[in-house]
$ cat upload_8.tsv   # TSV, N, CA and C atoms
chain	number	residue	atom	x	y	z
A	426	MET	N	-13.23	72.18	7.10
A	426	MET	CA	-12.29	73.09	7.71
A	426	MET	C	-12.03	72.77	9.19
A	427	PRO	N	-13.07	72.44	9.98
A	427	PRO	CA	-12.80	72.09	11.39
A	427	PRO	C	-11.93	70.84	11.51
A	428	GLN	N	-12.11	69.90	10.59
A	428	GLN	CA	-11.28	68.70	10.64
A	428	GLN	C	-9.82	69.03	10.35
A	429	LEU	N	-9.58	69.95	9.44
A	429	LEU	CA	-8.22	70.37	9.13
A	429	LEU	C	-7.59	71.07	10.33
A	430	GLN	N	-8.37	71.90	11.00
A	430	GLN	CA	-7.86	72.58	12.21
A	430	GLN	C	-7.50	71.56	13.28
A	431	GLN	N	-8.33	70.55	13.46
A	431	GLN	CA	-8.04	69.50	14.43
A	431	GLN	C	-6.78	68.75	14.03
A	432	LEU	N	-6.66	68.44	12.75
A	432	LEU	CA	-5.47	67.74	12.26
A	432	LEU	C	-4.21	68.56	12.49
A	433	MET	N	-4.28	69.86	12.23
A	433	MET	CA	-3.11	70.72	12.42
A	433	MET	C	-2.76	70.85	13.90
A	434	ASN	N	-3.75	70.96	14.76
A	434	ASN	CA	-3.49	71.04	16.20
A	434	ASN	C	-2.87	69.75	16.73
A	435	SER	N	-3.42	68.62	16.31
A	435	SER	CA	-2.86	67.35	16.77
A	435	SER	C	-1.47	67.11	16.20
A	436	THR	N	-1.20	67.61	14.99
A	436	THR	CA	0.13	67.47	14.42
A	436	THR	C	1.15	68.26	15.22
A	437	MET	N	0.77	69.43	15.68
A	437	MET	CA	1.68	70.22	16.51
A	437	MET	C	1.94	69.54	17.85
A	438	ILE	N	0.93	68.92	18.41
A	438	ILE	CA	1.11	68.19	19.67
A	438	ILE	C	2.02	67.00	19.44
A	439	TYR	N	1.84	66.30	18.32
A	439	TYR	CA	2.71	65.17	18.00
A	439	TYR	C	4.15	65.63	17.77
A	440	ALA	N	4.34	66.83	17.25
A	440	ALA	CA	5.69	67.36	17.07
A	440	ALA	C	6.39	67.52	18.42
A	441	VAL	N	5.66	67.99	19.41
A	441	VAL	CA	6.23	68.12	20.76
A	441	VAL	C	6.55	66.74	21.32
A	442	ILE	N	5.65	65.80	21.14
A	442	ILE	CA	5.86	64.45	21.66
A	442	ILE	C	7.06	63.79	20.99
A	443	VAL	N	7.18	63.93	19.68
A	443	VAL	CA	8.31	63.34	18.96
A	443	VAL	C	9.63	63.97	19.43
A	444	GLY	N	9.62	65.28	19.68
A	444	GLY	CA	10.81	65.94	20.20
A	444	GLY	C	11.21	65.40	21.56
A	445	LEU	N	10.24	65.19	22.44
A	445	LEU	CA	10.54	64.66	23.78
A	445	LEU	C	11.01	63.20	23.72
A	446	VAL	N	10.40	62.41	22.84
A	446	VAL	CA	10.85	61.02	22.68
A	446	VAL	C	12.27	60.98	22.14
A	447	ALA	N	12.61	61.89	21.23
A	447	ALA	CA	13.97	61.95	20.71
A	447	ALA	C	14.96	62.32	21.81
A	448	VAL	N	14.55	63.18	22.74
A	448	VAL	CA	15.42	63.51	23.88
A	448	VAL	C	15.67	62.27	24.73
A	449	ILE	N	14.63	61.51	24.98
A	449	ILE	CA	14.77	60.29	25.79
A	449	ILE	C	15.67	59.28	25.09
A	450	ILE	N	15.50	59.13	23.79
A	450	ILE	CA	16.34	58.20	23.03
A	450	ILE	C	17.79	58.67	23.04
A	451	SER	N	18.03	59.96	22.85
A	451	SER	CA	19.41	60.45	22.86
A	451	SER	C	20.03	60.32	24.24
A	452	LEU	N	19.23	60.46	25.30
A	452	LEU	CA	19.72	60.24	26.66
A	452	LEU	C	20.14	58.79	26.86
A	453	ALA	N	19.33	57.87	26.37
A	453	ALA	CA	19.66	56.44	26.50
A	453	ALA	C	20.89	56.08	25.68
A	454	VAL	N	20.99	56.61	24.47
A	454	VAL	CA	22.14	56.30	23.62
A	454	VAL	C	23.42	56.90	24.20
A	455	ALA	N	23.32	58.10	24.76
A	455	ALA	CA	24.51	58.73	25.35
A	455	ALA	C	25.03	57.91	26.52
A	456	ASN	N	24.15	57.27	27.25
A	456	ASN	CA	24.60	56.45	28.38
A	456	ASN	C	25.16	55.11	27.94
A	457	MET	N	25.01	54.75	26.68
A	457	MET	CA	25.57	53.49	26.19
A	457	MET	C	27.04	53.60	25.85
A	458	PHE	N	27.51	54.81	25.56
A	458	PHE	CA	28.93	55.00	25.24
A	458	PHE	C	29.74	55.02	26.53
A	459	PRO	N	30.75	54.15	26.65
A	459	PRO	CA	31.53	54.13	27.89
A	459	PRO	C	32.50	55.30	27.98
A	460	TRP	N	32.86	55.66	29.21
A	460	TRP	CA	33.91	56.65	29.41
A	460	TRP	C	35.23	56.06	28.95
A	461	GLU	N	36.07	56.85	28.34
A	461	GLU	CA	37.40	56.40	27.94
A	461	GLU	C	38.39	56.97	28.93
A	462	GLY	N	39.37	56.18	29.29
A	462	GLY	CA	40.37	56.65	30.25
A	462	GLY	C	41.38	57.57	29.58
A	463	GLY	N	42.10	58.31	30.39
A	463	GLY	CA	43.15	59.19	29.86
A	463	GLY	C	42.57	60.36	29.10
A	464	ASN	N	42.94	60.49	27.84
A	464	ASN	CA	42.47	61.58	26.99
A	464	ASN	C	41.08	61.21	26.47
A	465	ASP	N	40.07	61.52	27.25
A	465	ASP	CA	38.70	61.09	26.97
A	465	ASP	C	38.10	61.90	25.83
A	466	LYS	N	37.77	61.22	24.73
A	466	LYS	CA	37.10	61.85	23.59
A	466	LYS	C	35.73	61.23	23.34
A	467	SER	N	35.19	60.54	24.35
A	467	SER	CA	33.90	59.88	24.15
A	467	SER	C	32.76	60.89	23.99
A	468	TYR	N	32.97	62.11	24.47
A	468	TYR	CA	31.91	63.12	24.31
A	468	TYR	C	31.67	63.45	22.84
A	469	VAL	N	32.68	63.26	21.99
A	469	VAL	CA	32.51	63.51	20.56
A	469	VAL	C	31.56	62.46	19.96
A	470	LYS	N	31.70	61.22	20.37
A	470	LYS	CA	30.80	60.17	19.89
A	470	LYS	C	29.37	60.44	20.35
A	471	ARG	N	29.23	60.88	21.59
A	471	ARG	CA	27.90	61.20	22.10
A	471	ARG	C	27.30	62.38	21.34
A	472	ARG	N	28.11	63.36	21.01
A	472	ARG	CA	27.64	64.54	20.28
A	472	ARG	C	27.17	64.15	18.89
A	473	ILE	N	27.93	63.28	18.21
A	473	ILE	CA	27.54	62.83	16.88
A	473	ILE	C	26.22	62.07	16.94
A	474	ALA	N	26.08	61.19	17.93
A	474	ALA	CA	24.83	60.44	18.09
A	474	ALA	C	23.67	61.39	18.39
A	475	PHE	N	23.93	62.42	19.19
A	475	PHE	CA	22.90	63.41	19.53
A	475	PHE	C	22.39	64.13	18.28
A	476	VAL	N	23.30	64.54	17.43
A	476	VAL	CA	22.93	65.25	16.20
A	476	VAL	C	22.17	64.32	15.25
A	477	ILE	N	22.65	63.09	15.11
A	477	ILE	CA	21.99	62.14	14.21
A	477	ILE	C	20.57	61.83	14.68
A	478	ILE	N	20.40	61.61	15.97
A	478	ILE	CA	19.07	61.31	16.50
A	478	ILE	C	18.13	62.49	16.28
A	479	GLY	N	18.61	63.69	16.50
A	479	GLY	CA	17.79	64.88	16.27
A	479	GLY	C	17.37	65.03	14.82
A	480	LEU	N	18.32	64.83	13.91
A	480	LEU	CA	18.00	64.95	12.49
A	480	LEU	C	17.02	63.88	12.03
A	481	VAL	N	17.21	62.65	12.51
A	481	VAL	CA	16.30	61.57	12.13
A	481	VAL	C	14.89	61.83	12.65
A	482	ALA	N	14.78	62.33	13.88
A	482	ALA	CA	13.46	62.62	14.44
A	482	ALA	C	12.76	63.72	13.66
A	483	ILE	N	13.49	64.79	13.36
A	483	ILE	CA	12.89	65.93	12.67
A	483	ILE	C	12.52	65.56	11.24
A	484	LEU	N	13.46	64.97	10.51
A	484	LEU	CA	13.20	64.61	9.12
A	484	LEU	C	12.17	63.49	8.99
A	485	GLY	N	12.21	62.55	9.91
A	485	GLY	CA	11.23	61.46	9.88
A	485	GLY	C	9.82	61.96	10.10
A	486	PHE	N	9.65	62.87	11.06
A	486	PHE	CA	8.32	63.44	11.32
A	486	PHE	C	7.84	64.24	10.11
A	487	TRP	N	8.72	65.05	9.54
A	487	TRP	CA	8.34	65.86	8.39
A	487	TRP	C	8.00	64.99	7.18
A	488	LEU	N	8.82	63.97	6.91
A	488	LEU	CA	8.56	63.10	5.77
A	488	LEU	C	7.26	62.33	5.92
A	489	TYR	N	7.00	61.83	7.12
A	489	TYR	CA	5.75	61.11	7.34
A	489	TYR	C	4.55	62.00	7.03
A	490	ASN	N	4.58	63.22	7.56
A	490	ASN	CA	3.47	64.13	7.31
A	490	ASN	C	3.37	64.52	5.84
A	491	ASP	N	4.52	64.72	5.20
A	491	ASP	CA	4.50	65.17	3.81
A	491	ASP	C	4.08	64.06	2.85
A	492	LEU	N	4.50	62.84	3.12
A	492	LEU	CA	4.21	61.75	2.19
A	492	LEU	C	2.90	61.02	2.49
A	493	VAL	N	2.58	60.86	3.76
A	493	VAL	CA	1.41	60.06	4.12
A	493	VAL	C	0.19	60.93	4.39
A	494	VAL	N	0.34	61.90	5.27
A	494	VAL	CA	-0.83	62.68	5.70
A	494	VAL	C	-1.31	63.61	4.59
A	495	VAL	N	-0.40	64.30	3.92
A	495	VAL	CA	-0.81	65.23	2.86
A	495	VAL	C	-1.48	64.47	1.72
A	496	GLY	N	-1.07	63.25	1.46
A	496	GLY	CA	-1.69	62.45	0.40
A	496	GLY	C	-3.14	62.11	0.68
A	497	ASN	N	-3.53	62.11	1.96
A	497	ASN	CA	-4.92	61.80	2.31
A	497	ASN	C	-5.82	63.03	2.27
A	498	ILE	N	-5.26	64.21	2.13
A	498	ILE	CA	-6.06	65.43	2.04
A	498	ILE	C	-6.37	65.67	0.57
A	499	ARG	N	-7.64	65.80	0.22
A	499	ARG	CA	-8.05	65.89	-1.18
A	499	ARG	C	-8.00	67.31	-1.74
A	500	ASN	N	-8.34	68.30	-0.96
A	500	ASN	CA	-8.41	69.67	-1.42
A	500	ASN	C	-7.00	70.28	-1.48
A	501	ALA	N	-6.64	70.89	-2.60
A	501	ALA	CA	-5.30	71.44	-2.78
A	501	ALA	C	-5.03	72.61	-1.83
A	502	GLY	N	-6.02	73.41	-1.58
A	502	GLY	CA	-5.86	74.52	-0.64
A	502	GLY	C	-5.60	74.04	0.77
A	503	PHE	N	-6.32	73.00	1.17
A	503	PHE	CA	-6.12	72.42	2.49
A	503	PHE	C	-4.74	71.76	2.58
A	504	GLN	N	-4.30	71.15	1.47
A	504	GLN	CA	-2.96	70.56	1.46
A	504	GLN	C	-1.90	71.62	1.71
A	505	ASN	N	-2.04	72.77	1.06
A	505	ASN	CA	-1.08	73.84	1.27
A	505	ASN	C	-1.11	74.37	2.70
A	506	MET	N	-2.30	74.44	3.29
A	506	MET	CA	-2.40	74.87	4.68
A	506	MET	C	-1.70	73.88	5.60
A	507	PHE	N	-1.87	72.58	5.31
A	507	PHE	CA	-1.22	71.58	6.16
A	507	PHE	C	0.29	71.59	5.94
A	508	LYS	N	0.74	71.84	4.72
A	508	LYS	CA	2.19	71.91	4.48
A	508	LYS	C	2.81	73.07	5.25
A	509	ALA	N	2.10	74.18	5.35
A	509	ALA	CA	2.60	75.30	6.16
A	509	ALA	C	2.65	74.91	7.64
A	510	CYS	N	1.66	74.17	8.09
A	510	CYS	CA	1.65	73.67	9.46
A	510	CYS	C	2.80	72.70	9.68
A	511	ASN	N	3.07	71.88	8.68
A	511	ASN	CA	4.15	70.91	8.78
A	511	ASN	C	5.50	71.62	8.90
A	512	LEU	N	5.65	72.73	8.22
A	512	LEU	CA	6.88	73.52	8.32
A	512	LEU	C	7.03	74.10	9.72
A	513	LYS	N	5.92	74.57	10.30
A	513	LYS	CA	5.96	75.05	11.68
A	513	LYS	C	6.35	73.93	12.64
A	514	CYS	N	5.85	72.73	12.34
A	514	CYS	CA	6.13	71.59	13.21
A	514	CYS	C	7.60	71.20	13.20
A	515	ILE	N	8.30	71.46	12.10
A	515	ILE	CA	9.74	71.21	12.07
A	515	ILE	C	10.42	72.07	13.13
A	516	PHE	N	10.04	73.34	13.20
A	516	PHE	CA	10.65	74.24	14.17
A	516	PHE	C	10.22	73.91	15.60
A	517	ILE	N	8.98	73.48	15.77
A	517	ILE	CA	8.52	73.06	17.09
A	517	ILE	C	9.30	71.84	17.55
A	518	ASN	N	9.44	70.87	16.67
A	518	ASN	CA	10.15	69.64	16.97
A	518	ASN	C	11.61	69.93	17.32
A	519	ALA	N	12.27	70.72	16.49
A	519	ALA	CA	13.68	71.05	16.73
A	519	ALA	C	13.83	71.88	18.00
A	520	GLY	N	12.92	72.81	18.23
A	520	GLY	CA	13.00	73.63	19.43
A	520	GLY	C	12.84	72.84	20.70
A	521	VAL	N	11.86	71.95	20.72
A	521	VAL	CA	11.66	71.11	21.90
A	521	VAL	C	12.87	70.22	22.12
A	522	TYR	N	13.39	69.64	21.05
A	522	TYR	CA	14.55	68.75	21.17
A	522	TYR	C	15.76	69.50	21.72
A	523	LEU	N	16.04	70.66	21.17
A	523	LEU	CA	17.23	71.40	21.60
A	523	LEU	C	17.07	72.00	22.99
A	524	VAL	N	15.94	72.62	23.26
A	524	VAL	CA	15.75	73.27	24.56
A	524	VAL	C	15.72	72.24	25.69
A	525	ALA	N	14.98	71.17	25.52
A	525	ALA	CA	14.91	70.14	26.56
A	525	ALA	C	16.26	69.45	26.74
A	526	SER	N	16.97	69.19	25.65
A	526	SER	CA	18.27	68.53	25.75
A	526	SER	C	19.30	69.41	26.44
A	527	VAL	N	19.38	70.67	26.04
A	527	VAL	CA	20.36	71.56	26.66
A	527	VAL	C	20.03	71.78	28.14
A	528	ALA	N	18.75	71.87	28.47
A	528	ALA	CA	18.37	72.02	29.88
A	528	ALA	C	18.80	70.79	30.68
A	529	LEU	N	18.60	69.60	30.12
A	529	LEU	CA	19.04	68.38	30.81
A	529	LEU	C	20.57	68.30	30.89
A	530	MET	N	21.24	68.70	29.82
A	530	MET	CA	22.70	68.66	29.83
A	530	MET	C	23.28	69.61	30.88
A	531	LEU	N	22.70	70.78	31.01
A	531	LEU	CA	23.18	71.73	32.01
A	531	LEU	C	22.82	71.30	33.42
A	532	THR	N	21.67	70.65	33.57
A	532	THR	CA	21.26	70.18	34.89
A	532	THR	C	22.16	69.03	35.36
A	533	PHE	N	22.43	68.10	34.47
A	533	PHE	CA	23.26	66.95	34.81
A	533	PHE	C	24.62	67.08	34.13
A	534	ARG	N	25.35	68.13	34.46
A	534	ARG	CA	26.59	68.47	33.77
A	534	ARG	C	27.67	67.39	33.92
A	535	HIS	N	27.67	66.66	35.03
A	535	HIS	CA	28.72	65.66	35.27
A	535	HIS	C	28.32	64.26	34.80
A	536	SER	N	27.25	64.16	34.04
A	536	SER	CA	26.81	62.86	33.53
A	536	SER	C	27.31	62.67	32.10
A	537	LYS	N	27.06	61.49	31.57
A	537	LYS	CA	27.44	61.22	30.19
A	537	LYS	C	26.67	62.10	29.22
A	538	PHE	N	25.39	62.31	29.51
A	538	PHE	CA	24.58	63.16	28.64
A	538	PHE	C	25.04	64.61	28.73
A	539	GLY	N	25.46	65.05	29.89
A	539	GLY	CA	25.97	66.41	30.05
A	539	GLY	C	27.30	66.63	29.37
A	540	SER	N	28.03	65.56	29.13
A	540	SER	CA	29.33	65.70	28.47
A	540	SER	C	29.20	66.01	26.99
A	541	ILE	N	28.00	65.94	26.44
A	541	ILE	CA	27.79	66.28	25.03
A	541	ILE	C	28.15	67.74	24.78
A	542	LEU	N	27.93	68.59	25.77
A	542	LEU	CA	28.26	70.01	25.61
A	542	LEU	C	29.76	70.23	25.47
A	543	GLY	N	30.55	69.29	25.85
A	543	GLY	CA	31.99	69.41	25.73
A	543	GLY	C	32.68	69.01	27.00
A	544	LYS	N	33.98	68.95	26.91
A	544	LYS	CA	34.78	68.55	28.04
A	544	LYS	C	34.75	69.66	29.09
A	545	GLU	N	34.67	69.23	30.34
A	545	GLU	CA	34.69	70.20	31.42
A	545	GLU	C	36.11	70.65	31.70
A	546	LYS	N	36.25	71.90	32.02
A	546	LYS	CA	37.57	72.42	32.40
A	546	LYS	C	37.75	72.14	33.89
A	547	LYS	N	38.91	71.62	34.22
A	547	LYS	CA	39.17	71.28	35.64
A	547	LYS	C	40.09	72.28	36.27
$ encode --input "upload_8.tsv" --output "structure tokens"
Amino acid sequence: MPQLQQLMNSTMIYAVIVGLVAVIISLAVANMFPWEGGNDKSYVKRRIAFVIIGLVAILGFWLYNDLVVVGNIRNAGFQNMFKACNLKCIFINAGVYLVASVALMLTFRHSKFGSILGKEKK
């Protein structure tokens, strides 16, 4: 039981780390899209990339835990406890990704990453 508690605690910490790494990756990808002149719609491309990166990070973390880690746990009761923890980690991962990203977007509103929120009104 103590080992399961340690595993669940470290999984939650890894969920936070994966969420922050996904923010960094989405920041880097957003800066790769060039500004378009005139009727600029590049923020739509950045928004699509932002959503895709978030979904891949969340689903990838969940699938890894569900397919690899749960398979190494022998006791069925402990497996169910870890699956419940894995479900919590989905929300932790998504929450960290969204909160940190929106905070960065609002802080750097005039940057490429900030343009994901939409076009600024002039």
$ select_by_dssp --input "upload_8.tsv" --residues "segment 434-537 of chain A" --states "helix (DSSP H, G or I)" --output "PyMOL selection string"
chain A and resi 434-455+467-497+501-532
$ atom_distance --input "upload_8.tsv" --atom1 "atom CA of Gly539 of chain A" --atom2 "atom CA of Met437 of chain A"
28.1 Å
$ axis_aligned_box --input "upload_8.tsv" --around "segment 476-485 of chain A" --padding-each-side "8 Å" --output "AutoDock Vina command-line options"
--center_x 16.6 --center_y 63.6 --center_z 13.2 --size_x 29.5 --size_y 20.6 --size_z 24.4
$ atom_distance --input "upload_8.tsv" --atom1 "atom CA of Lys537 of chain A" --atom2 "atom CA of Val443 of chain A"
22.3 Å
$ residues_near_point --input "upload_8.tsv" --point "(10.7, 61.0, 21.0)" --cutoff "12 Å" --atoms "only C-alpha atoms" --output "PyMOL selection string"
chain A and resi 439-453+478-483+485-486+518-519+521-522+525-526
$ write_last_selection --input "upload_8.tsv" --atoms "N, CA and C atoms" --output "short mmCIF file (atom, residue, chain, number, x, y, z; two decimals), keeping the file's coordinate frame"
data_model
loop_
_atom_site.label_atom_id
_atom_site.label_comp_id
_atom_site.auth_asym_id
_atom_site.auth_seq_id
_atom_site.Cartn_x
_atom_site.Cartn_y
_atom_site.Cartn_z
N TYR A 439 1.84 66.30 18.32
CA TYR A 439 2.71 65.17 18.00
C TYR A 439 4.15 65.63 17.77
N ALA A 440 4.34 66.83 17.25
CA ALA A 440 5.69 67.36 17.07
C ALA A 440 6.39 67.52 18.42
N VAL A 441 5.66 67.99 19.41
CA VAL A 441 6.23 68.12 20.76
C VAL A 441 6.55 66.74 21.32
N ILE A 442 5.65 65.80 21.14
CA ILE A 442 5.86 64.45 21.66
C ILE A 442 7.06 63.79 20.99
N VAL A 443 7.18 63.93 19.68
CA VAL A 443 8.31 63.34 18.96
C VAL A 443 9.63 63.97 19.43
N GLY A 444 9.62 65.28 19.68
CA GLY A 444 10.81 65.94 20.20
C GLY A 444 11.21 65.40 21.56
N LEU A 445 10.24 65.19 22.44
CA LEU A 445 10.54 64.66 23.78
C LEU A 445 11.01 63.20 23.72
N VAL A 446 10.40 62.41 22.84
CA VAL A 446 10.85 61.02 22.68
C VAL A 446 12.27 60.98 22.14
N ALA A 447 12.61 61.89 21.23
CA ALA A 447 13.97 61.95 20.71
C ALA A 447 14.96 62.32 21.81
N VAL A 448 14.55 63.18 22.74
CA VAL A 448 15.42 63.51 23.88
C VAL A 448 15.67 62.27 24.73
N ILE A 449 14.63 61.51 24.98
CA ILE A 449 14.77 60.29 25.79
C ILE A 449 15.67 59.28 25.09
N ILE A 450 15.50 59.13 23.79
CA ILE A 450 16.34 58.20 23.03
C ILE A 450 17.79 58.67 23.04
N SER A 451 18.03 59.96 22.85
CA SER A 451 19.41 60.45 22.86
C SER A 451 20.03 60.32 24.24
N LEU A 452 19.23 60.46 25.30
CA LEU A 452 19.72 60.24 26.66
C LEU A 452 20.14 58.79 26.86
N ALA A 453 19.33 57.87 26.37
CA ALA A 453 19.66 56.44 26.50
C ALA A 453 20.89 56.08 25.68
N ILE A 478 20.40 61.61 15.97
CA ILE A 478 19.07 61.31 16.50
C ILE A 478 18.13 62.49 16.28
N GLY A 479 18.61 63.69 16.50
CA GLY A 479 17.79 64.88 16.27
C GLY A 479 17.37 65.03 14.82
N LEU A 480 18.32 64.83 13.91
CA LEU A 480 18.00 64.95 12.49
C LEU A 480 17.02 63.88 12.03
N VAL A 481 17.21 62.65 12.51
CA VAL A 481 16.30 61.57 12.13
C VAL A 481 14.89 61.83 12.65
N ALA A 482 14.78 62.33 13.88
CA ALA A 482 13.46 62.62 14.44
C ALA A 482 12.76 63.72 13.66
N ILE A 483 13.49 64.79 13.36
CA ILE A 483 12.89 65.93 12.67
C ILE A 483 12.52 65.56 11.24
N GLY A 485 12.21 62.55 9.91
CA GLY A 485 11.23 61.46 9.88
C GLY A 485 9.82 61.96 10.10
N PHE A 486 9.65 62.87 11.06
CA PHE A 486 8.32 63.44 11.32
C PHE A 486 7.84 64.24 10.11
N ASN A 518 9.44 70.87 16.67
CA ASN A 518 10.15 69.64 16.97
C ASN A 518 11.61 69.93 17.32
N ALA A 519 12.27 70.72 16.49
CA ALA A 519 13.68 71.05 16.73
C ALA A 519 13.83 71.88 18.00
N VAL A 521 11.86 71.95 20.72
CA VAL A 521 11.66 71.11 21.90
C VAL A 521 12.87 70.22 22.12
N TYR A 522 13.39 69.64 21.05
CA TYR A 522 14.55 68.75 21.17
C TYR A 522 15.76 69.50 21.72
N ALA A 525 14.98 71.17 25.52
CA ALA A 525 14.91 70.14 26.56
C ALA A 525 16.26 69.45 26.74
N SER A 526 16.97 69.19 25.65
CA SER A 526 18.27 68.53 25.75
C SER A 526 19.30 69.41 26.44
#
